[in-house]
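Structure data follow from work.txt (compact mmCIF, N, CA and C atoms):
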# COMPACT_ATOMS: atom_id res chain seq x y z
N MET A 1 142.12 110.62 41.26
CA MET A 1 142.02 110.03 42.58
C MET A 1 143.36 110.08 43.31
N ARG A 2 144.44 109.81 42.55
CA ARG A 2 145.77 109.84 43.16
C ARG A 2 146.12 111.23 43.64
N ARG A 3 145.71 112.25 42.89
CA ARG A 3 146.01 113.63 43.28
C ARG A 3 145.29 114.00 44.57
N VAL A 4 144.04 113.55 44.70
CA VAL A 4 143.28 113.85 45.92
C VAL A 4 143.95 113.18 47.12
N PHE A 5 144.31 111.91 46.95
CA PHE A 5 144.98 111.19 48.03
C PHE A 5 146.30 111.87 48.40
N ALA A 6 147.09 112.24 47.40
CA ALA A 6 148.37 112.90 47.65
C ALA A 6 148.17 114.23 48.35
N ALA A 7 147.14 114.98 47.97
CA ALA A 7 146.88 116.27 48.60
C ALA A 7 146.47 116.10 50.06
N VAL A 8 145.59 115.14 50.34
CA VAL A 8 145.15 114.88 51.72
C VAL A 8 146.34 114.40 52.55
N PHE A 9 147.15 113.52 52.00
CA PHE A 9 148.31 113.01 52.71
C PHE A 9 149.29 114.15 53.04
N ALA A 10 149.52 115.03 52.07
CA ALA A 10 150.44 116.16 52.28
C ALA A 10 149.91 117.10 53.36
N VAL A 11 148.60 117.35 53.38
CA VAL A 11 148.02 118.23 54.40
C VAL A 11 148.21 117.62 55.78
N LEU A 12 147.98 116.33 55.92
CA LEU A 12 148.14 115.67 57.21
C LEU A 12 149.59 115.65 57.67
N VAL A 13 150.50 115.43 56.75
CA VAL A 13 151.92 115.36 57.10
C VAL A 13 152.45 116.71 57.52
N PHE A 14 152.07 117.76 56.80
CA PHE A 14 152.64 119.08 57.05
C PHE A 14 151.84 119.92 58.04
N SER A 15 150.72 119.44 58.48
CA SER A 15 149.96 120.18 59.48
C SER A 15 150.36 119.70 60.87
N SER A 16 149.86 120.38 61.88
CA SER A 16 150.18 119.95 63.25
C SER A 16 149.17 118.93 63.75
N VAL A 17 148.29 118.46 62.88
CA VAL A 17 147.30 117.46 63.27
C VAL A 17 147.98 116.11 63.34
N SER A 18 147.83 115.45 64.45
CA SER A 18 148.44 114.14 64.63
C SER A 18 147.35 113.08 64.57
N VAL A 19 147.22 112.46 63.42
CA VAL A 19 146.19 111.43 63.25
C VAL A 19 146.59 110.16 63.98
N TRP A 20 147.88 109.89 64.04
CA TRP A 20 148.35 108.66 64.64
C TRP A 20 148.97 108.90 66.02
N ALA A 21 148.42 109.82 66.77
CA ALA A 21 148.95 110.13 68.10
C ALA A 21 148.82 108.90 68.99
N GLN A 22 149.91 108.58 69.64
CA GLN A 22 149.91 107.45 70.54
C GLN A 22 150.13 107.93 71.96
N SER A 23 149.53 107.22 72.88
CA SER A 23 149.74 107.61 74.26
C SER A 23 151.10 107.08 74.72
N GLU A 24 151.71 107.81 75.62
CA GLU A 24 153.00 107.45 76.18
C GLU A 24 152.82 107.31 77.69
N SER A 25 153.76 106.67 78.33
CA SER A 25 153.69 106.50 79.79
C SER A 25 154.95 107.03 80.45
N PHE A 26 154.77 107.55 81.65
CA PHE A 26 155.90 108.02 82.47
C PHE A 26 155.70 107.41 83.85
N ILE A 27 156.65 106.63 84.29
CA ILE A 27 156.57 105.97 85.60
C ILE A 27 157.55 106.65 86.54
N GLY A 28 157.06 107.00 87.72
CA GLY A 28 157.92 107.65 88.69
C GLY A 28 157.21 107.81 90.03
N THR A 29 157.76 108.69 90.85
CA THR A 29 157.25 108.94 92.19
C THR A 29 156.66 110.33 92.26
N VAL A 30 155.45 110.44 92.83
CA VAL A 30 154.80 111.74 92.99
C VAL A 30 155.61 112.57 93.98
N LYS A 31 156.01 113.76 93.56
CA LYS A 31 156.73 114.67 94.45
C LYS A 31 155.80 115.75 94.99
N SER A 32 154.90 116.24 94.15
CA SER A 32 153.96 117.26 94.60
C SER A 32 152.77 117.29 93.65
N MET A 33 151.71 117.94 94.12
CA MET A 33 150.53 118.10 93.27
C MET A 33 149.76 119.34 93.70
N THR A 34 149.06 119.89 92.71
CA THR A 34 148.16 121.00 92.96
C THR A 34 146.82 120.61 92.35
N GLY A 35 145.88 121.51 92.35
CA GLY A 35 144.59 121.22 91.74
C GLY A 35 144.66 121.04 90.24
N SER A 36 145.74 121.56 89.61
CA SER A 36 145.81 121.51 88.15
C SER A 36 147.04 120.77 87.61
N SER A 37 147.93 120.29 88.48
CA SER A 37 149.11 119.58 87.97
C SER A 37 149.65 118.58 88.99
N VAL A 38 150.40 117.61 88.45
CA VAL A 38 151.07 116.61 89.27
C VAL A 38 152.53 116.58 88.83
N THR A 39 153.46 116.63 89.78
CA THR A 39 154.88 116.55 89.48
C THR A 39 155.37 115.16 89.85
N VAL A 40 155.94 114.47 88.84
CA VAL A 40 156.41 113.10 89.03
C VAL A 40 157.89 113.06 88.68
N GLU A 41 158.70 112.41 89.52
CA GLU A 41 160.14 112.29 89.29
C GLU A 41 160.53 110.84 89.07
N ARG A 42 161.47 110.65 88.16
CA ARG A 42 162.08 109.34 87.93
C ARG A 42 163.57 109.59 87.73
N GLY A 43 164.34 109.33 88.76
CA GLY A 43 165.77 109.61 88.69
C GLY A 43 166.00 111.09 88.51
N ALA A 44 166.75 111.46 87.47
CA ALA A 44 167.04 112.87 87.19
C ALA A 44 165.94 113.53 86.36
N LEU A 45 164.97 112.76 85.88
CA LEU A 45 163.88 113.30 85.06
C LEU A 45 162.72 113.74 85.93
N THR A 46 162.15 114.88 85.58
CA THR A 46 160.97 115.38 86.29
C THR A 46 159.91 115.71 85.24
N GLY A 47 158.71 115.21 85.45
CA GLY A 47 157.59 115.52 84.56
C GLY A 47 156.52 116.26 85.33
N VAL A 48 156.07 117.38 84.77
CA VAL A 48 154.97 118.14 85.35
C VAL A 48 153.79 117.95 84.40
N PHE A 49 152.74 117.31 84.89
CA PHE A 49 151.61 116.94 84.06
C PHE A 49 150.37 117.73 84.47
N ALA A 50 149.72 118.34 83.49
CA ALA A 50 148.47 119.06 83.75
C ALA A 50 147.35 118.05 83.90
N VAL A 51 146.51 118.24 84.91
CA VAL A 51 145.35 117.37 85.14
C VAL A 51 144.10 118.23 85.23
N ASP A 52 142.96 117.61 84.97
CA ASP A 52 141.69 118.32 85.09
C ASP A 52 140.63 117.35 85.60
N ALA A 53 139.39 117.76 85.55
CA ALA A 53 138.30 116.93 86.08
C ALA A 53 138.12 115.64 85.28
N LYS A 54 138.62 115.58 84.05
CA LYS A 54 138.47 114.39 83.22
C LYS A 54 139.57 113.36 83.45
N THR A 55 140.60 113.73 84.19
CA THR A 55 141.72 112.81 84.43
C THR A 55 141.27 111.69 85.36
N HIS A 56 141.46 110.45 84.92
CA HIS A 56 141.08 109.28 85.71
C HIS A 56 142.26 108.87 86.58
N VAL A 57 142.00 108.63 87.86
CA VAL A 57 143.04 108.16 88.78
C VAL A 57 142.63 106.79 89.29
N GLY A 58 143.46 105.80 89.03
CA GLY A 58 143.20 104.45 89.50
C GLY A 58 143.94 104.20 90.80
N VAL A 59 143.20 104.19 91.89
CA VAL A 59 143.80 103.93 93.20
C VAL A 59 142.73 103.29 94.08
N SER A 60 143.15 102.43 94.95
CA SER A 60 142.22 101.76 95.85
C SER A 60 141.45 102.78 96.69
N GLY A 61 140.14 102.69 96.68
CA GLY A 61 139.30 103.57 97.48
C GLY A 61 138.78 104.79 96.74
N ALA A 62 139.27 105.05 95.52
CA ALA A 62 138.84 106.25 94.79
C ALA A 62 137.38 106.16 94.35
N THR A 63 136.91 104.99 93.98
CA THR A 63 135.52 104.85 93.54
C THR A 63 134.56 105.13 94.70
N ALA A 64 134.85 104.60 95.86
CA ALA A 64 134.00 104.83 97.03
C ALA A 64 134.02 106.30 97.42
N ALA A 65 135.18 106.94 97.36
CA ALA A 65 135.28 108.36 97.71
C ALA A 65 134.51 109.22 96.71
N THR A 66 134.53 108.85 95.44
CA THR A 66 133.78 109.58 94.42
C THR A 66 132.29 109.46 94.68
N LYS A 67 131.82 108.25 94.98
CA LYS A 67 130.39 108.04 95.25
C LYS A 67 129.95 108.82 96.49
N ASP A 68 130.79 108.84 97.51
CA ASP A 68 130.46 109.59 98.73
C ASP A 68 130.36 111.09 98.44
N ALA A 69 131.29 111.60 97.64
CA ALA A 69 131.28 113.03 97.30
C ALA A 69 130.05 113.37 96.47
N GLN A 70 129.69 112.51 95.53
CA GLN A 70 128.51 112.75 94.70
C GLN A 70 127.24 112.67 95.53
N ALA A 71 127.19 111.78 96.50
CA ALA A 71 126.02 111.67 97.37
C ALA A 71 125.86 112.92 98.23
N ALA A 72 127.00 113.58 98.52
CA ALA A 72 126.97 114.81 99.31
C ALA A 72 126.69 116.04 98.45
N GLY A 73 126.46 115.82 97.14
CA GLY A 73 126.14 116.93 96.24
C GLY A 73 127.33 117.57 95.56
N LYS A 74 128.51 117.00 95.73
CA LYS A 74 129.71 117.52 95.07
C LYS A 74 129.88 116.83 93.72
N PRO A 75 130.60 117.45 92.78
CA PRO A 75 130.77 116.81 91.47
C PRO A 75 131.67 115.59 91.51
N GLY A 76 132.47 115.44 92.52
CA GLY A 76 133.38 114.30 92.64
C GLY A 76 134.59 114.69 93.45
N ILE A 77 135.67 113.96 93.27
CA ILE A 77 136.90 114.25 93.99
C ILE A 77 137.96 114.74 93.00
N SER A 78 138.97 115.42 93.53
CA SER A 78 140.04 115.91 92.67
C SER A 78 141.23 114.96 92.73
N VAL A 79 142.16 115.15 91.81
CA VAL A 79 143.36 114.33 91.78
C VAL A 79 144.13 114.49 93.09
N ALA A 80 144.19 115.72 93.59
CA ALA A 80 144.91 115.97 94.84
C ALA A 80 144.27 115.28 96.05
N ASP A 81 142.98 114.93 95.94
CA ASP A 81 142.31 114.23 97.03
C ASP A 81 142.77 112.78 97.18
N VAL A 82 143.23 112.17 96.08
CA VAL A 82 143.56 110.74 96.13
C VAL A 82 145.05 110.45 95.97
N LEU A 83 145.81 111.35 95.37
CA LEU A 83 147.25 111.12 95.25
C LEU A 83 147.98 111.66 96.47
N LYS A 84 149.04 111.00 96.83
CA LYS A 84 149.87 111.43 97.96
C LYS A 84 151.32 111.48 97.51
N ALA A 85 152.08 112.41 98.06
CA ALA A 85 153.52 112.47 97.78
C ALA A 85 154.14 111.14 98.18
N GLY A 86 154.98 110.58 97.33
CA GLY A 86 155.61 109.30 97.59
C GLY A 86 154.96 108.14 96.85
N ASP A 87 153.73 108.33 96.32
CA ASP A 87 153.07 107.27 95.56
C ASP A 87 153.86 106.99 94.28
N GLN A 88 154.06 105.72 93.96
CA GLN A 88 154.66 105.37 92.68
C GLN A 88 153.52 105.26 91.68
N VAL A 89 153.61 106.00 90.56
CA VAL A 89 152.51 106.09 89.61
C VAL A 89 152.99 105.87 88.18
N ARG A 90 152.02 105.52 87.34
CA ARG A 90 152.22 105.51 85.89
C ARG A 90 151.26 106.55 85.33
N VAL A 91 151.81 107.55 84.67
CA VAL A 91 151.00 108.60 84.05
C VAL A 91 150.93 108.30 82.57
N ARG A 92 149.72 108.15 82.04
CA ARG A 92 149.53 107.93 80.60
C ARG A 92 149.11 109.26 79.99
N TYR A 93 149.82 109.70 78.96
CA TYR A 93 149.56 111.00 78.37
C TYR A 93 149.76 110.95 76.86
N THR A 94 149.26 111.97 76.18
CA THR A 94 149.48 112.17 74.75
C THR A 94 150.08 113.54 74.57
N TYR A 95 151.17 113.62 73.83
CA TYR A 95 151.81 114.90 73.56
C TYR A 95 151.09 115.61 72.42
N THR A 96 150.75 116.88 72.63
CA THR A 96 150.09 117.69 71.61
C THR A 96 151.09 118.75 71.14
N ALA A 97 151.56 118.60 69.90
CA ALA A 97 152.58 119.51 69.37
C ALA A 97 152.04 120.93 69.18
N SER A 98 150.79 121.06 68.79
CA SER A 98 150.24 122.39 68.51
C SER A 98 150.22 123.28 69.75
N THR A 99 150.05 122.70 70.92
CA THR A 99 150.04 123.48 72.16
C THR A 99 151.28 123.21 73.02
N ASN A 100 152.16 122.32 72.54
CA ASN A 100 153.37 121.94 73.27
C ASN A 100 153.03 121.52 74.70
N SER A 101 152.03 120.64 74.82
CA SER A 101 151.61 120.19 76.15
C SER A 101 151.34 118.69 76.13
N MET A 102 151.30 118.13 77.34
CA MET A 102 150.99 116.71 77.50
C MET A 102 149.61 116.60 78.11
N VAL A 103 148.70 115.95 77.40
CA VAL A 103 147.34 115.78 77.88
C VAL A 103 147.26 114.43 78.60
N VAL A 104 146.97 114.47 79.88
CA VAL A 104 146.94 113.25 80.70
C VAL A 104 145.58 112.59 80.58
N SER A 105 145.59 111.29 80.29
CA SER A 105 144.33 110.55 80.24
C SER A 105 144.08 109.81 81.54
N ASP A 106 145.12 109.22 82.12
CA ASP A 106 144.91 108.55 83.41
C ASP A 106 146.21 108.42 84.18
N ILE A 107 146.04 108.28 85.49
CA ILE A 107 147.16 108.07 86.41
C ILE A 107 146.83 106.82 87.22
N LEU A 108 147.73 105.86 87.22
CA LEU A 108 147.53 104.62 87.96
C LEU A 108 148.54 104.57 89.11
N VAL A 109 148.04 104.45 90.33
CA VAL A 109 148.92 104.30 91.49
C VAL A 109 149.34 102.84 91.54
N MET A 110 150.65 102.62 91.37
CA MET A 110 151.18 101.27 91.32
C MET A 110 151.61 100.77 92.70
N ASN A 111 152.08 101.69 93.54
CA ASN A 111 152.56 101.31 94.87
C ASN A 111 152.37 102.50 95.79
N ARG A 112 151.57 102.32 96.80
CA ARG A 112 151.32 103.40 97.74
C ARG A 112 152.19 103.21 98.96
N ILE A 113 152.89 104.29 99.31
CA ILE A 113 153.74 104.27 100.50
C ILE A 113 152.85 104.53 101.71
N LYS A 114 152.84 103.62 102.66
CA LYS A 114 152.03 103.77 103.88
C LYS A 114 152.81 104.62 104.86
N LYS A 115 152.14 105.65 105.40
CA LYS A 115 152.80 106.52 106.37
C LYS A 115 152.12 106.44 107.69
As structure tokens, please, write out the structure in this file.
Amino acid sequence: MRRVFAAVFAVLVFSSVSVWAQSESFIGTVKSMTGSSVTVERGALTGVFAVDAKTHVGVSGATAATKDAQAAGKPGISVADVLKAGDQVRVRYTYTASTNSMVVSDILVMNRIKK
């Protein structure tokens, strides 16, 4: 039994599989966005985060806009539809070592700059 446990433990440790992957957060200001990425800056640090249709964006009015888009026969709204340059956001992501990428789970708009 000990050998089986040791073998499984060794495989998990030496493989690129992250069983204990934890999400991390990056807080900053949105500088730009495209349909597939969001660029967020915090001081001298810049993070470029890949987003997709599964990325949740928490911002006032997003739920109503999604319902309106679905009622019009569209699948929903995109991240670029609700984020604006200058928004202060918290991006929650998980780093994937095997692909050297950050998978974004959600973006929360903490402070929206009114223009």
For the point (153.8, 108.7, 80.8) in file coordinates, what residues are within 5 Å, counting only N, CA and C atoms? Give the answer as a compact mmCIF listing (two decimals) with N, CA and C atoms, in the coordinates of the input?
# COMPACT_ATOMS: atom_id res chain seq x y z
N GLU A 24 151.71 107.81 75.62
CA GLU A 24 153.00 107.45 76.18
C GLU A 24 152.82 107.31 77.69
N SER A 25 153.76 106.67 78.33
CA SER A 25 153.69 106.50 79.79
C SER A 25 154.95 107.03 80.45
N PHE A 26 154.77 107.55 81.65
CA PHE A 26 155.90 108.02 82.47
C PHE A 26 155.70 107.41 83.85
N ILE A 27 156.65 106.63 84.29
CA ILE A 27 156.57 105.97 85.60
C ILE A 27 157.55 106.65 86.54
N VAL A 91 151.81 107.55 84.67
CA VAL A 91 151.00 108.60 84.05
C VAL A 91 150.93 108.30 82.57
N ARG A 92 149.72 108.15 82.04
CA ARG A 92 149.53 107.93 80.60
C ARG A 92 149.11 109.26 79.99
N TYR A 93 149.82 109.70 78.96
CA TYR A 93 149.56 111.00 78.37
C TYR A 93 149.76 110.95 76.86
Quick one: residues within 12 Å of segment 29-32 of chain A, only C-alpha atoms counted, chain neighbours fewer than 3 positions away excluded, as a VMD selection string? chain A and resid 26 35 to 49 79 to 80 82 to 91 107 to 113
Save the residues we just selected, N, CA and C atoms, as a tab-separated table (two decimals), keeping the file's coordinate frame?
chain	number	residue	atom	x	y	z
A	26	PHE	N	154.77	107.55	81.65
A	26	PHE	CA	155.90	108.02	82.47
A	26	PHE	C	155.70	107.41	83.85
A	35	GLY	N	145.88	121.51	92.35
A	35	GLY	CA	144.59	121.22	91.74
A	35	GLY	C	144.66	121.04	90.24
A	36	SER	N	145.74	121.56	89.61
A	36	SER	CA	145.81	121.51	88.15
A	36	SER	C	147.04	120.77	87.61
A	37	SER	N	147.93	120.29	88.48
A	37	SER	CA	149.11	119.58	87.97
A	37	SER	C	149.65	118.58	88.99
A	38	VAL	N	150.40	117.61	88.45
A	38	VAL	CA	151.07	116.61	89.27
A	38	VAL	C	152.53	116.58	88.83
A	39	THR	N	153.46	116.63	89.78
A	39	THR	CA	154.88	116.55	89.48
A	39	THR	C	155.37	115.16	89.85
A	40	VAL	N	155.94	114.47	88.84
A	40	VAL	CA	156.41	113.10	89.03
A	40	VAL	C	157.89	113.06	88.68
A	41	GLU	N	158.70	112.41	89.52
A	41	GLU	CA	160.14	112.29	89.29
A	41	GLU	C	160.53	110.84	89.07
A	42	ARG	N	161.47	110.65	88.16
A	42	ARG	CA	162.08	109.34	87.93
A	42	ARG	C	163.57	109.59	87.73
A	43	GLY	N	164.34	109.33	88.76
A	43	GLY	CA	165.77	109.61	88.69
A	43	GLY	C	166.00	111.09	88.51
A	44	ALA	N	166.75	111.46	87.47
A	44	ALA	CA	167.04	112.87	87.19
A	44	ALA	C	165.94	113.53	86.36
A	45	LEU	N	164.97	112.76	85.88
A	45	LEU	CA	163.88	113.30	85.06
A	45	LEU	C	162.72	113.74	85.93
A	46	THR	N	162.15	114.88	85.58
A	46	THR	CA	160.97	115.38	86.29
A	46	THR	C	159.91	115.71	85.24
A	47	GLY	N	158.71	115.21	85.45
A	47	GLY	CA	157.59	115.52	84.56
A	47	GLY	C	156.52	116.26	85.33
A	48	VAL	N	156.07	117.38	84.77
A	48	VAL	CA	154.97	118.14	85.35
A	48	VAL	C	153.79	117.95	84.40
A	49	PHE	N	152.74	117.31	84.89
A	49	PHE	CA	151.61	116.94	84.06
A	49	PHE	C	150.37	117.73	84.47
A	79	VAL	N	142.16	115.15	91.81
A	79	VAL	CA	143.36	114.33	91.78
A	79	VAL	C	144.13	114.49	93.09
A	80	ALA	N	144.19	115.72	93.59
A	80	ALA	CA	144.91	115.97	94.84
A	80	ALA	C	144.27	115.28	96.05
A	82	VAL	N	143.23	112.17	96.08
A	82	VAL	CA	143.56	110.74	96.13
A	82	VAL	C	145.05	110.45	95.97
A	83	LEU	N	145.81	111.35	95.37
A	83	LEU	CA	147.25	111.12	95.25
A	83	LEU	C	147.98	111.66	96.47
A	84	LYS	N	149.04	111.00	96.83
A	84	LYS	CA	149.87	111.43	97.96
A	84	LYS	C	151.32	111.48	97.51
A	85	ALA	N	152.08	112.41	98.06
A	85	ALA	CA	153.52	112.47	97.78
A	85	ALA	C	154.14	111.14	98.18
A	86	GLY	N	154.98	110.58	97.33
A	86	GLY	CA	155.61	109.30	97.59
A	86	GLY	C	154.96	108.14	96.85
A	87	ASP	N	153.73	108.33	96.32
A	87	ASP	CA	153.07	107.27	95.56
A	87	ASP	C	153.86	106.99	94.28
A	88	GLN	N	154.06	105.72	93.96
A	88	GLN	CA	154.66	105.37	92.68
A	88	GLN	C	153.52	105.26	91.68
A	89	VAL	N	153.61	106.00	90.56
A	89	VAL	CA	152.51	106.09	89.61
A	89	VAL	C	152.99	105.87	88.18
A	90	ARG	N	152.02	105.52	87.34
A	90	ARG	CA	152.22	105.51	85.89
A	90	ARG	C	151.26	106.55	85.33
A	91	VAL	N	151.81	107.55	84.67
A	91	VAL	CA	151.00	108.60	84.05
A	91	VAL	C	150.93	108.30	82.57
A	107	ILE	N	146.04	108.28	85.49
A	107	ILE	CA	147.16	108.07	86.41
A	107	ILE	C	146.83	106.82	87.22
A	108	LEU	N	147.73	105.86	87.22
A	108	LEU	CA	147.53	104.62	87.96
A	108	LEU	C	148.54	104.57	89.11
A	109	VAL	N	148.04	104.45	90.33
A	109	VAL	CA	148.92	104.30	91.49
A	109	VAL	C	149.34	102.84	91.54
A	110	MET	N	150.65	102.62	91.37
A	110	MET	CA	151.18	101.27	91.32
A	110	MET	C	151.61	100.77	92.70
A	111	ASN	N	152.08	101.69	93.54
A	111	ASN	CA	152.56	101.31	94.87
A	111	ASN	C	152.37	102.50	95.79
A	112	ARG	N	151.57	102.32	96.80
A	112	ARG	CA	151.32	103.40	97.74
A	112	ARG	C	152.19	103.21	98.96
A	113	ILE	N	152.89	104.29	99.31
A	113	ILE	CA	153.74	104.27	100.50
A	113	ILE	C	152.85	104.53	101.71
What lies within 7 Å of Ala65 of chain A using only N, CA and C atoms, ignoring chain neighbours under 5 positions off, as number ranges by chain? A: 70, 76-77
One-decimal distance in Å that lies between atom CA of Ser78 of chain A and atom CA of Ser23 of chain A: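 Atom-to-atom, atom CA of Ser23 of chain A to atom CA of Ser78 of chain A, that is 22.4 Å.
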Figure out the distance between atom CA of Val103 of chain A and atom CA of Gly28 of chain A, please, to one decimal in Å. 17.2 Å
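Between Val104 of chain A and the residues A:Gln22, A:Thr66, A:Thr34, A:Thr55, the shortest atom-to-atom distance, using all atoms listed in the file, involves A:Thr55.
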Could you pull out the helix (DSSP H, G or I) residues of segment 52-82 of chain A, going by DSSP on the backbone, and write them as JSON, numbers by chain? {"A": [62, 63, 64, 65, 66, 67, 68, 69, 70, 71, 79, 80, 81, 82]}
If I take atom CA of Asp52 of chain A and atom CA of Ala69 of chain A, how far is one from the other in Å, to one decimal?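 Atom-to-atom, atom CA of Asp52 of chain A to atom CA of Ala69 of chain A, that is 16.9 Å.
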Going by DSSP on the backbone, which residues of segment 29-84 of chain A come out as strand (DSSP E or B)? List them as a list in words.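 After running DSSP on the backbone, segment 29-84 of chain A has strand (DSSP E or B) at Thr29, Val30, Lys31, Ser32, Met33, Ser37, Val38, Thr39, Val40, Glu41, Arg42, Leu45, Thr46, Gly47, Val48, Phe49, Ala50, His56, Val57 and Gly58 of chain A.
With distances restricted to all atoms listed in the file, A:Asp106 is the closest residue to Gly58 of chain A from A:Met33, A:Pro75, A:Asp106, A:Thr96.
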